[in-house]
Amino acid sequence: MRYYDKLIFELSHPGRTGYSLPSVQQYPFFAEKCSSGVAVDAAVPANLLRKSKLELPEVSEVDVVRHYTNLSQMNFGVDTGFYPLGSCTMKYNPKINEEIANHPAFAGLHPLQPAETVKGAQAVIDGLDAALAAITGMKHFTFLPCAGAHGELTGLMLMREYHMARNDSARVKVIVPDSAHGTNPASAAVCGLQIVEVKSGADGLVDVEALKPLLGPDVAGIMMTNPNTLGLFERQIGEIARLVHECGGLLYYDGANMNPLLGKVRPGDMGFDIMHLNLHKTFSTPHGGGGPGSGPVGVGERVLPYLRIPQTSGFHGNFGVMLRAYAYILMLGKQNVKMAGPLATLSANYIKESLKDCYKLPIPTVCKHEFVFDGLINDGAREGKTGATTLDVAKRLLDYGFHAPTIYFPLLFHQALMIEPTETESLETLDEFIAVMKKIAAEAAEDPDILHGAPHNAPIGRPDETAAARNPILKA
Amino acid sequence: MAGSAYFPHTGDDIRKMLERIGVRSLDDLYSDVPADFIYNKEYELPDALSEQEVRNFFDELGKKNTSLKVFVGQGAYDHYVPSVIPYITSRSEFLTAYTPYQCEISQGTLRYIFEWQSMVCRLTGMDVSNASMYDGPSAAAEALRMAVACTRKRNKVVVSTKLMQNVLDVVKTYLKYPDIEVVYAWDVLEELGPDVAGVIVPSICRHGVIQDLGGIADAVHAAGALLIEYCDPSALAVLKTPAEWGADIAVGDGQSLGIPLCYGGPYVGFLACKSEYMRKLPGRIVGQATDKDGKRCFVLTLQAREQHIRREKATSNICSNQSLMALWVTVYLSLMGPEGLRKVNELSCAGAHYLYEELLKTGRFEEAFPGRPFLKEFCLKPLVPVAVLQQKLLDAGFFGALELDGYVTFCVTEKRTKEEIDALVAVVKEIAL
């Protein structure tokens, strides 16, 4: 990757243009009413018009194309290489899906068009709804949420509506395991719920005995990620579901970690009442540098009679993302869907077993789609040398052409290094990654300073983030 | 062995991998899952399709949609999308990356988000913008929550009923559950009081009338509250900016800046504010930094505000954003520049006023808001049955005359030609009075 140091504003030359628009003179309105030739000035009183100059770049089309092409070349994506970012399911994004999403018969539809003119779009929504219901064991999905966290918020609103509809409005507490994604407690707080944390046991699983005393008539429900953020299947889920339902609460399934269960286990069968899926994880739609995603929320039998869908986005959700996910499911079909989860789980366990001699593995049992190392076994610390940290390992991986795993999450381990390979990587790719991880461990043991200075081959070195936060420069 | 192009595993690969792990079969990897929960039945899904079959499937579904000339706005505008934009945004380095956690190999994403933030600030006149929101309506809801977080011991917000319906719906949904009192008012100034944290008003009302917000900011500030302005960013090339009206927070939807209609999404929201409220701004923010060798670079910054750090103390749960859609807008604004965006408004405004006049001339409408200024969207009072009007337009391939508050609403963008407008008017003339 080559360092390119320009902002589009710095390419600007007054008078240069990159647009092509038709002539304004075609309307008689002008000739009659507008001596200045400026329609806006004729139509809008001066006191409602912009006074300040609009400082947008003035560049040619080729300037724009080269600038953004150069920017793109400082970026690493799934199409560039292996991206084992834990909890993010960076699987390959099939290209046919892009073609379908840009299909003019869908891309040109206005969201408020009458129903009889959007039957094809409705068929996409209905077909995807049915497919997701079949895969998850839920009854129906709403596609309004634009992301996973947005799905959590929508799902928790549904949970509150359920209790309110049953005149059970004293339920204001939601139980969240300490291993949960940070969005879980944040979504609950934004939904006006009180958060009660339940501890994990030494095995990394929710401690059922610790859960029992938390349950009562004030509990709205529990939010669970299964497998959890350590990549471990919560095998007590049957008992947890029974206890939570018995106290009148609901079970919410955070679908961020659905991938290993794809084709193998259905959240509805485990007793979950409300769930969200991340179409940009499990269903292969591209992450787009942090969106647009789609976080459809599904409900089970228990909630269905009380279903009132909260309008959490402006129209029908991210329809373009739904098209991609539907195309992916149709390509997989009932045959291949059964292989997705197991192959993802196979890849994760293969890496885990191959690297556990170099990296601390706090929980050695079989994992699902991801697992967590707690830093290096030998970080190279000695007299005059600071040991290599998880951050150092992550940065050194960039030098070798891999994206880093998720680091310092979950919070249960201080040097957490969370690896999720997905099912779309070949054995050769996994072996290359394993070899590099071993090499980095050897480098750390020999001289941790090699890692401290990494990355050495990226467009930039490590930034001074503290200075950036102290004196924020947030615009050009 | 799996028979899918997306799984690279051969039978031999799988055997080797199982051997390394020390288990005999893929099923053994699920030995920790209670047997009751293993789904052994066939999934109720169609058989796997080939790429050609998938393409045909969507071609057939596409034929069930009717392609219409769009003469309606209401939060989704059929502006022209220059060919450069999809060309750039489909580059897989942008498309297949995730949130720029590893800034050293994400400078492309970080730079365009920095440019997006800068452009949002330049359009609105605000000091600070975040990296984007899901859409305009949810950005409006987040802005109201932000106003509550910015003001102390104030727990009421005033929402103008002049906002578009989908903005009102989302705001109502978001504010129902936390302990925030919401008052809806046509005239927001009547509801000001010592417990009001924020007031949100549109710069163009749901009926298309450009609002004179003179005096509102002063009154809102005198009452100790924050003023939030909901705006169409395309129109800000010509209309008075939120900063010029004295607003503290500006929000809206970036769809009007080069994003296709796509049946309502993905779009992109923006949320920008004055610098004193920077630390209450939800979502991701990109800042300029220098690397260890002094090179200019860009990083995610001010992360202490964010949900993954604050967890249950968070005032917003937004985690990602609509990054790629922010790139659509950034490329659009780069191509358009100040003159191009002004010309988009010129064309839209001229076309809308032409349609307005021609529709009145048919005698099938009366003015709804005589003398009130509008840009590209307007309402008329229909003198013919609305259902007949709508159906005639649909039959002729037009989507127009959406019913709204007893009126019908139309919108004209620069994509609509004079010939299309004339054809629409000709259809209206045929309707019996």
# chains A, B, ... in the order shown; residues from 1 in each chain; ligands from 1
>>> residues_around(residues="Leu380 of chain B", least_positions_apart="2", cutoff="10 Å", atoms="only C-alpha atoms", output="ChimeraX atom specification")
/B:207,356,359-360,364-370,378,382-383,401,403-404,406-410
>>> write_last_selection(atoms="C-alpha atoms", output="PDB file, in the first residue's frame")
ATOM      1  CA  HIS B 207     -45.814  20.670   2.698  1.00  0.00           C
ATOM      2  CA  TYR B 356     -47.014  24.143 -10.127  1.00  0.00           C
ATOM      3  CA  LEU B 359     -51.187  22.234 -12.772  1.00  0.00           C
ATOM      4  CA  LEU B 360     -53.037  25.326 -11.530  1.00  0.00           C
ATOM      5  CA  ARG B 364     -58.039  20.762 -11.321  1.00  0.00           C
ATOM      6  CA  PHE B 365     -56.260  22.278  -8.317  1.00  0.00           C
ATOM      7  CA  GLU B 366     -56.290  25.260  -6.020  1.00  0.00           C
ATOM      8  CA  GLU B 367     -53.328  26.730  -4.229  1.00  0.00           C
ATOM      9  CA  ALA B 368     -52.809  25.248  -0.774  1.00  0.00           C
ATOM     10  CA  PHE B 369     -50.396  27.852   0.584  1.00  0.00           C
ATOM     11  CA  PRO B 370     -50.625  30.877  -1.715  1.00  0.00           C
ATOM     12  CA  PHE B 378     -45.142  21.603  -2.992  1.00  0.00           C
ATOM     13  CA  PRO B 382     -57.166  18.848  -5.451  1.00  0.00           C
ATOM     14  CA  LEU B 383     -60.532  19.640  -7.019  1.00  0.00           C
ATOM     15  CA  ALA B 401     -50.034  13.471  -6.172  1.00  0.00           C
ATOM     16  CA  GLU B 403     -52.051  12.430  -0.466  1.00  0.00           C
ATOM     17  CA  LEU B 404     -50.924  14.443   2.524  1.00  0.00           C
ATOM     18  CA  GLY B 406     -55.939  16.687   2.714  1.00  0.00           C
ATOM     19  CA  TYR B 407     -53.659  18.002  -0.042  1.00  0.00           C
ATOM     20  CA  VAL B 408     -51.638  16.276  -2.725  1.00  0.00           C
ATOM     21  CA  THR B 409     -47.876  16.660  -2.857  1.00  0.00           C
ATOM     22  CA  PHE B 410     -45.558  16.803  -5.872  1.00  0.00           C
TER      23      PHE B 410
END
>>> residues_around(residues="segment 29-42 of chain B", least_positions_apart="2", cutoff="6 Å", atoms="only C-alpha atoms", output="short mmCIF file (atom, residue, chain, number, x, y, z; two decimals) with N, CA, C and O atoms, in the first residue's frame")
data_model
loop_
_atom_site.label_atom_id
_atom_site.label_comp_id
_atom_site.auth_asym_id
_atom_site.auth_seq_id
_atom_site.Cartn_x
_atom_site.Cartn_y
_atom_site.Cartn_z
N ARG A 235 -24.26 -23.91 26.94
CA ARG A 235 -24.97 -25.20 26.88
C ARG A 235 -26.11 -25.29 27.87
O ARG A 235 -26.97 -26.16 27.76
N LYS A 264 -27.30 -25.31 11.51
CA LYS A 264 -27.06 -26.32 12.56
C LYS A 264 -28.00 -26.19 13.75
O LYS A 264 -28.53 -27.18 14.23
N VAL A 265 -28.15 -24.97 14.25
CA VAL A 265 -28.96 -24.74 15.45
C VAL A 265 -29.84 -23.52 15.20
O VAL A 265 -29.38 -22.54 14.61
N LEU B 26 -17.37 -33.36 11.61
CA LEU B 26 -17.86 -31.99 11.82
C LEU B 26 -18.90 -31.97 12.94
O LEU B 26 -18.96 -31.03 13.72
N ASP B 27 -19.69 -33.03 13.02
CA ASP B 27 -20.71 -33.09 14.09
C ASP B 27 -20.07 -33.04 15.47
O ASP B 27 -20.64 -32.48 16.41
#
>>> closest_residue(among="A:Ser187, A:Ser12, A:Ser52, A:Asn102", to="Tyr87 of chain B", atoms="only C-alpha atoms")
A:Asn102
>>> closest_residue(among="B:Glu181, B:Asp422, B:Asp169, B:Glu358", to="chain A", atoms="only C-alpha atoms")
B:Asp169
>>> closest_atom_pairs(of="segment 222-320 of chain B", to="segment 193-197 of chain B", cutoff="10 Å", atoms="only C-alpha atoms", output="tab-separated table")
residue	atom	partner	partner_atom	distance
B:Ala222	CA	B:Gly193	CA	9.8
B:Ala223	CA	B:Gly193	CA	6.2
B:Gly224	CA	B:Pro194	CA	7.2
B:Ala225	CA	B:Ala197	CA	4.6
B:Leu226	CA	B:Ala197	CA	6.2
B:Leu227	CA	B:Ala197	CA	9.0
>>> closest_residue(among="B:Glu312, B:Glu244, B:Glu430, B:Glu420", to="chain A", atoms="only C-alpha atoms")
B:Glu312
>>> closest_residue(among="A:Gly300, A:Pro57, A:Gly216, A:Gly295", to="Val321 of chain A", atoms="only C-alpha atoms")
A:Gly295
>>> atom_distance(atom1="atom CA of Gly269 of chain B", atom2="atom CA of Leu324 of chain B")
12.0 Å
>>> atom_distance(atom1="atom CA of Ile125 of chain A", atom2="atom CA of Phe141 of chain A")
9.4 Å
>>> residues_around(residues="segment 289-305 of chain B", least_positions_apart="3", cutoff="10 Å", atoms="only C-alpha atoms", output="ChimeraX atom specification")
/A:3-6,453,459-474 /B:99-104,106-114,131,278-286,308-310,313-316
>>> write_last_selection(atoms="N, CA and C atoms", output="compact mmCIF listing (two decimals), in the first residue's frame")
# COMPACT_ATOMS: atom_id res chain seq x y z
N TYR A 3 1.44 5.35 0.51
CA TYR A 3 0.91 6.49 1.25
C TYR A 3 0.53 7.59 0.26
N TYR A 4 -0.65 8.13 0.40
CA TYR A 4 -1.14 9.20 -0.47
C TYR A 4 -1.70 10.27 0.45
N ASP A 5 -1.12 11.45 0.38
CA ASP A 5 -1.47 12.45 1.40
C ASP A 5 -2.24 13.63 0.84
N LYS A 6 -3.43 13.38 0.30
CA LYS A 6 -4.20 14.55 -0.14
C LYS A 6 -5.61 14.45 0.40
N GLY A 453 7.53 -1.66 17.23
CA GLY A 453 7.63 -0.68 16.15
C GLY A 453 6.66 -0.92 15.00
N PRO A 459 1.03 2.10 5.04
CA PRO A 459 1.17 3.49 4.56
C PRO A 459 1.55 4.47 5.67
N ILE A 460 1.10 4.19 6.88
CA ILE A 460 1.50 5.04 8.02
C ILE A 460 1.93 4.15 9.18
N GLY A 461 2.69 4.74 10.10
CA GLY A 461 3.01 4.05 11.34
C GLY A 461 1.94 4.33 12.38
N ARG A 462 2.20 3.88 13.62
CA ARG A 462 1.17 4.10 14.64
C ARG A 462 0.97 5.60 14.88
N PRO A 463 -0.28 6.02 15.00
CA PRO A 463 -0.56 7.44 15.21
C PRO A 463 -0.51 7.80 16.70
N ASP A 464 -0.39 9.09 16.95
CA ASP A 464 -0.47 9.59 18.33
C ASP A 464 -1.94 9.90 18.62
N GLU A 465 -2.65 8.87 19.12
CA GLU A 465 -4.10 9.02 19.31
C GLU A 465 -4.43 9.93 20.48
N THR A 466 -3.55 9.96 21.47
CA THR A 466 -3.80 10.81 22.64
C THR A 466 -3.80 12.27 22.23
N ALA A 467 -2.79 12.65 21.43
CA ALA A 467 -2.71 14.04 20.97
C ALA A 467 -3.93 14.38 20.11
N ALA A 468 -4.35 13.40 19.28
CA ALA A 468 -5.50 13.64 18.40
C ALA A 468 -6.76 13.91 19.21
N ALA A 469 -6.91 13.21 20.33
CA ALA A 469 -8.11 13.39 21.16
C ALA A 469 -8.01 14.66 22.00
N ARG A 470 -6.78 15.04 22.36
CA ARG A 470 -6.61 16.23 23.21
C ARG A 470 -6.90 17.51 22.41
N ASN A 471 -6.40 17.56 21.19
CA ASN A 471 -6.64 18.72 20.32
C ASN A 471 -7.35 18.25 19.06
N PRO A 472 -8.64 18.00 19.17
CA PRO A 472 -9.33 17.39 18.04
C PRO A 472 -9.38 18.29 16.80
N ILE A 473 -8.91 17.74 15.68
CA ILE A 473 -9.10 18.39 14.36
C ILE A 473 -10.06 17.49 13.62
N LEU A 474 -11.31 17.94 13.47
CA LEU A 474 -12.37 17.05 12.99
C LEU A 474 -12.91 17.44 11.62
N THR B 99 -15.31 -1.26 9.81
CA THR B 99 -14.97 -0.09 10.62
C THR B 99 -13.45 0.02 10.74
N PRO B 100 -12.90 1.20 10.54
CA PRO B 100 -11.43 1.34 10.51
C PRO B 100 -10.76 1.21 11.88
N TYR B 101 -10.87 0.03 12.46
CA TYR B 101 -10.21 -0.20 13.76
C TYR B 101 -8.69 -0.15 13.64
N GLN B 102 -8.17 -0.73 12.54
CA GLN B 102 -6.72 -0.72 12.34
C GLN B 102 -6.41 0.43 11.39
N CYS B 103 -6.15 1.61 11.97
CA CYS B 103 -6.06 2.81 11.15
C CYS B 103 -4.92 2.74 10.13
N GLU B 104 -3.87 1.96 10.42
CA GLU B 104 -2.71 1.94 9.50
C GLU B 104 -3.07 1.35 8.14
N SER B 106 -6.38 1.47 7.02
CA SER B 106 -7.74 1.96 6.77
C SER B 106 -7.75 3.45 6.46
N GLN B 107 -6.64 3.97 5.98
CA GLN B 107 -6.56 5.42 5.75
C GLN B 107 -7.54 5.87 4.66
N GLY B 108 -7.89 4.97 3.76
CA GLY B 108 -8.86 5.33 2.72
C GLY B 108 -10.21 5.66 3.33
N THR B 109 -10.72 4.76 4.15
CA THR B 109 -12.00 4.98 4.82
C THR B 109 -11.94 6.21 5.72
N LEU B 110 -10.87 6.29 6.51
CA LEU B 110 -10.77 7.38 7.48
C LEU B 110 -10.71 8.74 6.79
N ARG B 111 -9.98 8.80 5.66
CA ARG B 111 -9.89 10.07 4.94
C ARG B 111 -11.23 10.49 4.35
N TYR B 112 -11.97 9.53 3.76
CA TYR B 112 -13.23 10.01 3.16
C TYR B 112 -14.24 10.36 4.24
N ILE B 113 -14.17 9.70 5.40
CA ILE B 113 -15.09 10.11 6.47
C ILE B 113 -14.72 11.52 6.97
N PHE B 114 -13.41 11.80 7.05
CA PHE B 114 -12.97 13.15 7.43
C PHE B 114 -13.49 14.17 6.41
N ALA B 131 -19.48 10.72 11.95
CA ALA B 131 -19.14 9.95 10.75
C ALA B 131 -20.36 9.47 9.98
N MET B 278 -19.65 19.03 21.26
CA MET B 278 -18.89 17.96 20.61
C MET B 278 -18.85 16.67 21.42
N ARG B 279 -18.65 16.79 22.72
CA ARG B 279 -18.46 15.57 23.51
C ARG B 279 -19.77 14.84 23.80
N LYS B 280 -20.88 15.40 23.39
CA LYS B 280 -22.15 14.70 23.53
C LYS B 280 -22.64 14.14 22.19
N LEU B 281 -21.86 14.39 21.15
CA LEU B 281 -22.24 13.92 19.81
C LEU B 281 -22.17 12.39 19.77
N PRO B 282 -23.26 11.71 19.39
CA PRO B 282 -23.20 10.24 19.32
C PRO B 282 -22.45 9.77 18.07
N GLY B 283 -22.14 8.50 18.05
CA GLY B 283 -21.56 7.88 16.85
C GLY B 283 -20.06 8.06 16.75
N ARG B 284 -19.52 7.58 15.65
CA ARG B 284 -18.08 7.64 15.45
C ARG B 284 -17.67 9.01 14.92
N ILE B 285 -16.45 9.42 15.27
CA ILE B 285 -15.89 10.67 14.78
C ILE B 285 -14.45 10.40 14.34
N VAL B 286 -14.09 10.92 13.18
CA VAL B 286 -12.72 10.77 12.69
C VAL B 286 -11.98 12.09 12.91
N HIS B 308 -19.38 1.36 23.26
CA HIS B 308 -18.60 0.19 23.66
C HIS B 308 -17.72 0.49 24.86
N ILE B 309 -17.48 1.79 25.13
CA ILE B 309 -16.75 2.18 26.33
C ILE B 309 -17.73 2.44 27.48
N ARG B 310 -18.80 3.18 27.17
CA ARG B 310 -19.71 3.61 28.24
C ARG B 310 -20.71 2.54 28.64
N LYS B 313 -23.88 3.20 30.64
CA LYS B 313 -23.97 4.65 30.86
C LYS B 313 -24.13 5.41 29.54
N ALA B 314 -24.22 4.68 28.46
CA ALA B 314 -24.30 5.31 27.14
C ALA B 314 -25.61 6.07 26.96
N THR B 315 -25.54 7.19 26.22
CA THR B 315 -26.77 7.91 25.90
C THR B 315 -27.21 7.61 24.46
N SER B 316 -26.37 6.89 23.72
CA SER B 316 -26.75 6.40 22.39
C SER B 316 -26.14 5.02 22.24
>>> select_by_dssp(residues="segment 104-185 of chain B", states="alpha helix (DSSP H)", output="count of residues only")
45
>>> closest_residue(among="A:His245, A:Arg2, A:Lys91, A:Arg302", to="Pro286 of chain A", atoms="only C-alpha atoms")
A:Lys91
>>> residues_around(residues="segment 249-262 of chain A", least_positions_apart="5", cutoff="6 Å", atoms="only C-alpha atoms", output="mmCIF file with N, CA and C atoms, in the first residue's frame")
data_model
loop_
_atom_site.group_PDB
_atom_site.id
_atom_site.type_symbol
_atom_site.label_atom_id
_atom_site.label_comp_id
_atom_site.auth_asym_id
_atom_site.auth_seq_id
_atom_site.Cartn_x
_atom_site.Cartn_y
_atom_site.Cartn_z
ATOM 1 N N VAL A 219 -38.212 -8.371 36.045
ATOM 2 C CA VAL A 219 -37.303 -8.679 34.935
ATOM 3 C C VAL A 219 -38.068 -8.716 33.605
ATOM 4 N N ALA A 220 -37.614 -7.839 32.684
ATOM 5 C CA ALA A 220 -38.230 -7.815 31.355
ATOM 6 C C ALA A 220 -37.695 -8.960 30.512
ATOM 7 N N GLY A 221 -36.425 -9.261 30.709
ATOM 8 C CA GLY A 221 -35.840 -10.341 29.924
ATOM 9 C C GLY A 221 -34.342 -10.425 30.083
ATOM 10 N N ILE A 222 -33.750 -11.322 29.313
ATOM 11 C CA ILE A 222 -32.299 -11.486 29.321
ATOM 12 C C ILE A 222 -31.804 -11.366 27.883
ATOM 13 N N MET A 223 -30.647 -10.739 27.713
ATOM 14 C CA MET A 223 -30.023 -10.667 26.385
ATOM 15 C C MET A 223 -28.874 -11.657 26.373
ATOM 16 N N MET A 224 -28.891 -12.562 25.420
ATOM 17 C CA MET A 224 -27.831 -13.570 25.350
ATOM 18 C C MET A 224 -27.222 -13.585 23.950
ATOM 19 N N THR A 225 -25.935 -13.862 23.938
ATOM 20 C CA THR A 225 -25.245 -14.104 22.681
ATOM 21 C C THR A 225 -24.813 -15.558 22.752
ATOM 22 N N VAL A 244 -36.085 -18.119 32.871
ATOM 23 C CA VAL A 244 -36.479 -16.754 32.499
ATOM 24 C C VAL A 244 -37.961 -16.717 32.128
ATOM 25 N N PHE A 272 -35.514 -18.761 22.383
ATOM 26 C CA PHE A 272 -35.459 -17.302 22.237
ATOM 27 C C PHE A 272 -36.763 -16.774 21.642
ATOM 28 N N ASP A 273 -37.178 -15.615 22.164
ATOM 29 C CA ASP A 273 -38.458 -15.015 21.771
ATOM 30 C C ASP A 273 -38.278 -13.888 20.762
ATOM 31 N N ILE A 274 -37.157 -13.173 20.904
ATOM 32 C CA ILE A 274 -36.876 -12.034 20.018
ATOM 33 C C ILE A 274 -35.397 -12.132 19.661
ATOM 34 N N MET A 275 -35.045 -11.822 18.431
ATOM 35 C CA MET A 275 -33.636 -11.867 18.060
ATOM 36 C C MET A 275 -33.362 -10.874 16.941
ATOM 37 N N HIS A 276 -32.098 -10.526 16.787
ATOM 38 C CA HIS A 276 -31.735 -9.826 15.556
ATOM 39 C C HIS A 276 -30.660 -10.614 14.841
ATOM 40 N N LEU A 277 -30.621 -10.427 13.543
ATOM 41 C CA LEU A 277 -29.556 -10.988 12.720
ATOM 42 C C LEU A 277 -28.756 -9.825 12.156
ATOM 43 N N THR A 282 -23.664 -12.713 9.006
ATOM 44 C CA THR A 282 -24.053 -14.081 8.685
ATOM 45 C C THR A 282 -24.471 -14.256 7.227
ATOM 46 N N GLY A 341 -22.220 -23.001 8.839
ATOM 47 C CA GLY A 341 -21.828 -22.957 10.240
ATOM 48 C C GLY A 341 -20.734 -23.959 10.582
ATOM 49 N N ALA A 344 -17.335 -22.916 9.279
ATOM 50 C CA ALA A 344 -16.806 -21.779 10.039
ATOM 51 C C ALA A 344 -16.237 -22.270 11.370
ATOM 52 N N THR A 345 -16.952 -23.195 11.990
ATOM 53 C CA THR A 345 -16.517 -23.743 13.279
ATOM 54 C C THR A 345 -15.238 -24.568 13.111
ATOM 55 N N LYS A 368 -16.744 -22.336 18.908
ATOM 56 C CA LYS A 368 -17.622 -22.282 17.740
ATOM 57 C C LYS A 368 -16.894 -21.494 16.635
ATOM 58 N N HIS A 369 -17.468 -20.373 16.195
ATOM 59 C CA HIS A 369 -16.888 -19.665 15.040
ATOM 60 C C HIS A 369 -15.675 -18.846 15.392
#
>>> residues_around(residues="Ile329 of chain A", least_positions_apart="2", cutoff="10 Å", atoms="only C-alpha atoms", output="VMD selection string")
(chain A and resid 128 131 to 132 135 283 to 284 324 to 327 331 to 334 336 to 337) or (chain B and resid 45 to 49)
>>> select_by_dssp(residues="segment 295-432 of chain B", states="strand (DSSP E)", output="MDAnalysis selection string")
chainID B and resid 296:300 365:367 377:382 398:399 402:404 407:411
>>> residues_around(residues="Leu376 of chain A", least_positions_apart="2", cutoff="8 Å", atoms="only C-alpha atoms", output="ChimeraX atom specification")
/A:358-360,374,378-379,388-390,441
>>> write_last_selection(atoms="N, CA and C atoms", output="mmCIF file, in the first residue's frame")
data_model
loop_
_atom_site.group_PDB
_atom_site.id
_atom_site.type_symbol
_atom_site.label_atom_id
_atom_site.label_comp_id
_atom_site.auth_asym_id
_atom_site.auth_seq_id
_atom_site.Cartn_x
_atom_site.Cartn_y
_atom_site.Cartn_z
ATOM 1 N N CYS A 358 1.719 -21.244 21.302
ATOM 2 C CA CYS A 358 2.377 -19.932 21.278
ATOM 3 C C CYS A 358 1.560 -18.850 21.985
ATOM 4 N N TYR A 359 0.255 -19.035 22.028
ATOM 5 C CA TYR A 359 -0.625 -18.019 22.609
ATOM 6 C C TYR A 359 -1.440 -18.641 23.731
ATOM 7 N N LYS A 360 -1.642 -17.842 24.790
ATOM 8 C CA LYS A 360 -2.377 -18.349 25.955
ATOM 9 C C LYS A 360 -3.833 -18.594 25.588
ATOM 10 N N ASP A 374 -5.403 -15.061 25.226
ATOM 11 C CA ASP A 374 -5.100 -13.992 26.186
ATOM 12 C C ASP A 374 -3.624 -13.613 26.058
ATOM 13 N N ASN A 378 5.019 -16.344 25.538
ATOM 14 C CA ASN A 378 6.299 -15.697 25.824
ATOM 15 C C ASN A 378 6.316 -14.350 25.123
ATOM 16 N N ASP A 379 6.117 -13.284 25.910
ATOM 17 C CA ASP A 379 6.038 -11.953 25.289
ATOM 18 C C ASP A 379 7.408 -11.302 25.134
ATOM 19 N N ALA A 388 5.934 -7.880 24.487
ATOM 20 C CA ALA A 388 5.019 -7.541 23.393
ATOM 21 C C ALA A 388 3.584 -7.778 23.845
ATOM 22 N N THR A 389 2.740 -6.833 23.531
ATOM 23 C CA THR A 389 1.332 -6.923 23.924
ATOM 24 C C THR A 389 0.483 -7.439 22.758
ATOM 25 N N THR A 390 -0.780 -7.603 23.045
ATOM 26 C CA THR A 390 -1.736 -7.973 22.004
ATOM 27 C C THR A 390 -1.798 -6.915 20.913
ATOM 28 N N ALA A 441 5.188 -14.761 17.164
ATOM 29 C CA ALA A 441 5.477 -15.226 18.532
ATOM 30 C C ALA A 441 6.979 -15.426 18.704
#
>>> closest_residue(among="B:Leu424, B:Tyr177, B:Ser160, B:Leu61", to="Glu190 of chain B", atoms="only C-alpha atoms")
B:Ser160
>>> residues_around(residues="Thr183 of chain A", least_positions_apart="3", cutoff="8 Å", atoms="only C-alpha atoms", output="tab-separated table (two decimals) with C-alpha atoms, in the first residue's frame")
chain	number	residue	atom	x	y	z
A	149	ALA	CA	-27.23	-2.28	17.48
A	152	GLU	CA	-31.11	-4.64	19.54
A	186	ALA	CA	-26.07	0.53	25.75
A	187	SER	CA	-29.19	-0.51	23.80
B	307	GLN	CA	-21.29	2.88	23.57
B	308	HIS	CA	-18.60	0.19	23.66
B	311	ARG	CA	-21.86	0.47	28.02
B	317	ASN	CA	-26.26	2.81	21.31
B	318	ILE	CA	-25.12	3.58	17.77
B	319	CYS	CA	-22.09	1.47	16.98
>>> decode(residues="segment 450-457 of chain A", atoms="N, CA, C and O atoms", output="short mmCIF file (atom, residue, chain, number, x, y, z; two decimals), in the first residue's frame")
data_model
loop_
_atom_site.label_atom_id
_atom_site.label_comp_id
_atom_site.auth_asym_id
_atom_site.auth_seq_id
_atom_site.Cartn_x
_atom_site.Cartn_y
_atom_site.Cartn_z
N ILE A 450 10.79 -5.49 17.78
CA ILE A 450 10.33 -5.62 16.39
C ILE A 450 8.83 -5.39 16.34
O ILE A 450 8.30 -4.76 15.44
N LEU A 451 8.14 -5.93 17.35
CA LEU A 451 6.69 -5.80 17.39
C LEU A 451 6.26 -4.40 17.86
O LEU A 451 5.30 -3.84 17.33
N HIS A 452 7.02 -3.86 18.82
CA HIS A 452 6.65 -2.52 19.32
C HIS A 452 6.62 -1.50 18.19
O HIS A 452 5.82 -0.57 18.20
N GLY A 453 7.53 -1.66 17.23
CA GLY A 453 7.63 -0.68 16.15
C GLY A 453 6.66 -0.92 15.00
O GLY A 453 6.56 -0.11 14.09
N ALA A 454 5.96 -2.04 15.03
CA ALA A 454 5.09 -2.40 13.91
C ALA A 454 3.85 -1.50 13.89
O ALA A 454 3.44 -1.02 14.95
N PRO A 455 3.22 -1.31 12.73
CA PRO A 455 3.63 -1.87 11.43
C PRO A 455 4.78 -1.09 10.80
O PRO A 455 4.87 0.12 10.96
N HIS A 456 5.61 -1.84 10.08
CA HIS A 456 6.73 -1.20 9.39
C HIS A 456 6.42 -0.99 7.91
O HIS A 456 7.07 -0.17 7.27
N ASN A 457 5.47 -1.75 7.37
CA ASN A 457 5.23 -1.72 5.92
C ASN A 457 3.90 -1.11 5.52
O ASN A 457 3.51 -1.18 4.37
#
